[in-house]
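A.B. asks: First, the structure itself, so that you have it in front of you.
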Amino acid sequence: MAEDEIGHPALDGTGWPAIGVRVHRGDTGPRAASWRPVPRAVLREVLLPCRWPELERLAEIATGTSRARVYVRSLGEAGAEQLLVLCLRGAGGAVRVEGPLAPVAEVLAARARAAGAERCRRAP
C-alpha cells in the first residue's frame, strides 16, 4: 500500500465504509488485531483502503480466492482518533489481523465491485 493513501476520502469527511476490528495498541501503534475478541483489545472502526488494487486483493482474500493475509496499519497522523486502514503485507507499520474474514467478506467484495465499476466508467 502506497504512502499516498494518506489522502483517504474518509479524512475529508466523505462517507466511507468502515469495519470493526479489535485492536491491541502498543506504545507506537497497533500491536495485534483480530476479527475475534482478544484480551485487553478495544473495538476500532477500521477503514477500507481507497485504491482499487488493494480493494481487489482484499476482496479476493475475503471471498476465499486468495490465501494471502490481511493486515491493518495506522492511517497517517489523524490526531486523537488514530484511524486505521486495512492493508496488505509489506505496508509500513502493518500488523496482521488474526481470525476469520467472513464478517467483512460482503463489505470488501461490494466495495471492490463498486470501485471496479467506477474505474470502468472513467476509462476512455
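Every chain in the C-alpha cells takes a letter, A first, then B, and so on in the order presented; its residues are numbered from 1, and the ligands are numbered from 1 following the presented order.
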A:Leu75: which residues within 6 Å, counting only C-alpha atoms, same-chain residues fewer than 4 positions away excluded, as a PyMOL selection string?
C.D. replies: chain A and resi 83-85
A.B. asks: Counting only C-alpha atoms, what is within 10 Å of stretch 5-22 of chain A, bar same-chain residues fewer than 6 positions away, as a VMD selection string?
C.D. replies: chain A and resid 32 to 51 72 74 to 78 83 to 86 97 to 98 103 to 104 107 to 108 111
A.B. asks: For the alpha helix (DSSP H) assignment from backbone DSSP, which residues of chain A qualify? Please present them as JSON, numbers by chain.
C.D. replies: {"A": [52, 53, 54, 55, 56, 57, 58, 59, 60, 61, 62, 102, 103, 104, 105, 106, 107, 108, 109, 110, 111, 112, 113, 114, 115, 116, 117, 118, 119, 120, 121, 122]}
A.B. asks: Deliver the residues from the most recent selection as a file, using N, CA, C and O atoms, as a compact mmCIF listing (two decimals), in the first residue's frame.
C.D. replies:
# COMPACT_ATOMS: atom_id res chain seq x y z
N TRP A 52 -8.00 0.95 -5.86
CA TRP A 52 -8.52 -0.25 -6.50
C TRP A 52 -7.67 -1.50 -6.28
O TRP A 52 -8.20 -2.54 -5.89
N PRO A 53 -6.34 -1.49 -6.49
CA PRO A 53 -5.58 -2.74 -6.37
C PRO A 53 -5.69 -3.38 -4.99
O PRO A 53 -5.84 -4.59 -4.87
N GLU A 54 -5.63 -2.57 -3.93
CA GLU A 54 -5.73 -3.11 -2.58
C GLU A 54 -7.13 -3.65 -2.31
O GLU A 54 -7.30 -4.73 -1.73
N LEU A 55 -8.16 -2.91 -2.74
CA LEU A 55 -9.53 -3.39 -2.55
C LEU A 55 -9.75 -4.72 -3.26
O LEU A 55 -10.35 -5.64 -2.71
N GLU A 56 -9.26 -4.81 -4.48
CA GLU A 56 -9.45 -6.03 -5.26
C GLU A 56 -8.77 -7.23 -4.59
O GLU A 56 -9.36 -8.31 -4.46
N ARG A 57 -7.55 -7.04 -4.13
CA ARG A 57 -6.83 -8.14 -3.48
C ARG A 57 -7.47 -8.52 -2.16
O ARG A 57 -7.57 -9.69 -1.82
N LEU A 58 -7.94 -7.53 -1.38
CA LEU A 58 -8.61 -7.84 -0.12
C LEU A 58 -9.92 -8.58 -0.37
O LEU A 58 -10.30 -9.48 0.39
N ALA A 59 -10.64 -8.20 -1.43
CA ALA A 59 -11.87 -8.91 -1.77
C ALA A 59 -11.58 -10.36 -2.14
O ALA A 59 -12.34 -11.27 -1.77
N GLU A 60 -10.49 -10.61 -2.84
CA GLU A 60 -10.11 -11.98 -3.17
C GLU A 60 -9.82 -12.79 -1.92
O GLU A 60 -10.22 -13.96 -1.81
N ILE A 61 -9.15 -12.17 -0.96
CA ILE A 61 -8.87 -12.85 0.31
C ILE A 61 -10.18 -13.16 1.03
O ILE A 61 -10.42 -14.27 1.50
N ALA A 62 -11.06 -12.16 1.09
CA ALA A 62 -12.31 -12.31 1.83
C ALA A 62 -13.21 -13.39 1.24
O ALA A 62 -13.91 -14.09 1.97
N ALA A 102 -14.84 -13.84 7.37
CA ALA A 102 -16.24 -13.93 6.94
C ALA A 102 -17.09 -12.70 7.31
O ALA A 102 -17.90 -12.26 6.50
N PRO A 103 -16.94 -12.11 8.50
CA PRO A 103 -17.81 -10.98 8.84
C PRO A 103 -17.68 -9.77 7.92
O PRO A 103 -18.58 -8.95 7.85
N VAL A 104 -16.57 -9.65 7.22
CA VAL A 104 -16.38 -8.48 6.36
C VAL A 104 -16.29 -8.83 4.89
O VAL A 104 -16.10 -7.94 4.06
N ALA A 105 -16.42 -10.10 4.56
CA ALA A 105 -16.28 -10.51 3.16
C ALA A 105 -17.25 -9.77 2.26
O ALA A 105 -16.87 -9.29 1.18
N GLU A 106 -18.49 -9.64 2.69
CA GLU A 106 -19.50 -8.99 1.86
C GLU A 106 -19.17 -7.51 1.62
O GLU A 106 -19.28 -7.00 0.51
N VAL A 107 -18.74 -6.84 2.68
CA VAL A 107 -18.40 -5.41 2.56
C VAL A 107 -17.21 -5.22 1.62
O VAL A 107 -17.23 -4.36 0.74
N LEU A 108 -16.18 -6.04 1.79
CA LEU A 108 -14.99 -5.93 0.94
C LEU A 108 -15.32 -6.21 -0.52
O LEU A 108 -14.91 -5.48 -1.42
N ALA A 109 -16.08 -7.28 -0.75
CA ALA A 109 -16.42 -7.64 -2.12
C ALA A 109 -17.28 -6.57 -2.77
O ALA A 109 -17.06 -6.19 -3.93
N ALA A 110 -18.25 -6.03 -2.04
CA ALA A 110 -19.13 -4.99 -2.59
C ALA A 110 -18.36 -3.72 -2.89
O ALA A 110 -18.55 -3.09 -3.94
N ARG A 111 -17.47 -3.33 -2.00
CA ARG A 111 -16.69 -2.11 -2.22
C ARG A 111 -15.76 -2.28 -3.41
O ARG A 111 -15.56 -1.36 -4.20
N ALA A 112 -15.16 -3.48 -3.56
CA ALA A 112 -14.28 -3.73 -4.70
C ALA A 112 -15.06 -3.69 -6.01
O ALA A 112 -14.60 -3.14 -7.01
N ARG A 113 -16.28 -4.26 -6.01
CA ARG A 113 -17.12 -4.20 -7.22
C ARG A 113 -17.45 -2.75 -7.57
O ARG A 113 -17.38 -2.35 -8.73
N ALA A 114 -17.80 -1.95 -6.56
CA ALA A 114 -18.14 -0.54 -6.79
C ALA A 114 -16.93 0.22 -7.33
O ALA A 114 -17.04 1.04 -8.24
N ALA A 115 -15.75 -0.04 -6.76
CA ALA A 115 -14.53 0.63 -7.22
C ALA A 115 -14.21 0.22 -8.65
O ALA A 115 -13.79 1.04 -9.47
N GLY A 116 -14.41 -1.06 -8.97
CA GLY A 116 -14.16 -1.55 -10.32
C GLY A 116 -15.10 -0.91 -11.33
O GLY A 116 -14.69 -0.53 -12.43
N ALA A 117 -16.37 -0.77 -10.96
CA ALA A 117 -17.35 -0.13 -11.84
C ALA A 117 -16.99 1.33 -12.08
O ALA A 117 -17.06 1.83 -13.20
N GLU A 118 -16.59 2.01 -11.03
CA GLU A 118 -16.17 3.42 -11.14
C GLU A 118 -14.96 3.54 -12.04
O GLU A 118 -14.87 4.43 -12.88
N ARG A 119 -14.03 2.64 -11.90
CA ARG A 119 -12.81 2.65 -12.72
C ARG A 119 -13.16 2.45 -14.19
O ARG A 119 -12.60 3.11 -15.06
N CYS A 120 -14.10 1.54 -14.46
CA CYS A 120 -14.52 1.28 -15.86
C CYS A 120 -15.22 2.50 -16.44
O CYS A 120 -15.05 2.82 -17.62
N ARG A 121 -16.02 3.20 -15.64
CA ARG A 121 -16.71 4.39 -16.12
C ARG A 121 -15.75 5.50 -16.51
O ARG A 121 -15.97 6.26 -17.42
N ARG A 122 -14.64 5.59 -15.76
CA ARG A 122 -13.67 6.65 -16.03
C ARG A 122 -12.76 6.33 -17.20
O ARG A 122 -12.14 7.21 -17.75
A.B. asks: What are the DSSP strand (DSSP E or B) residues of chain A, as a ChimeraX atom specification?
C.D. replies: /A:18-25,30-34,42-47,70-74,84-88,95-98
A.B. asks: What lies within 8 Å of A:Arg73 using only C-alpha atoms, ignoring chain neighbours under 4 positions off, as a list of chain:residue names?
C.D. replies: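 What passes the distance filter is A:Pro30, A:Leu84, A:Val85, A:Leu86, A:Cys87, A:Ala91, A:Gly92, A:Gly93, A:Ala94, A:Val95.
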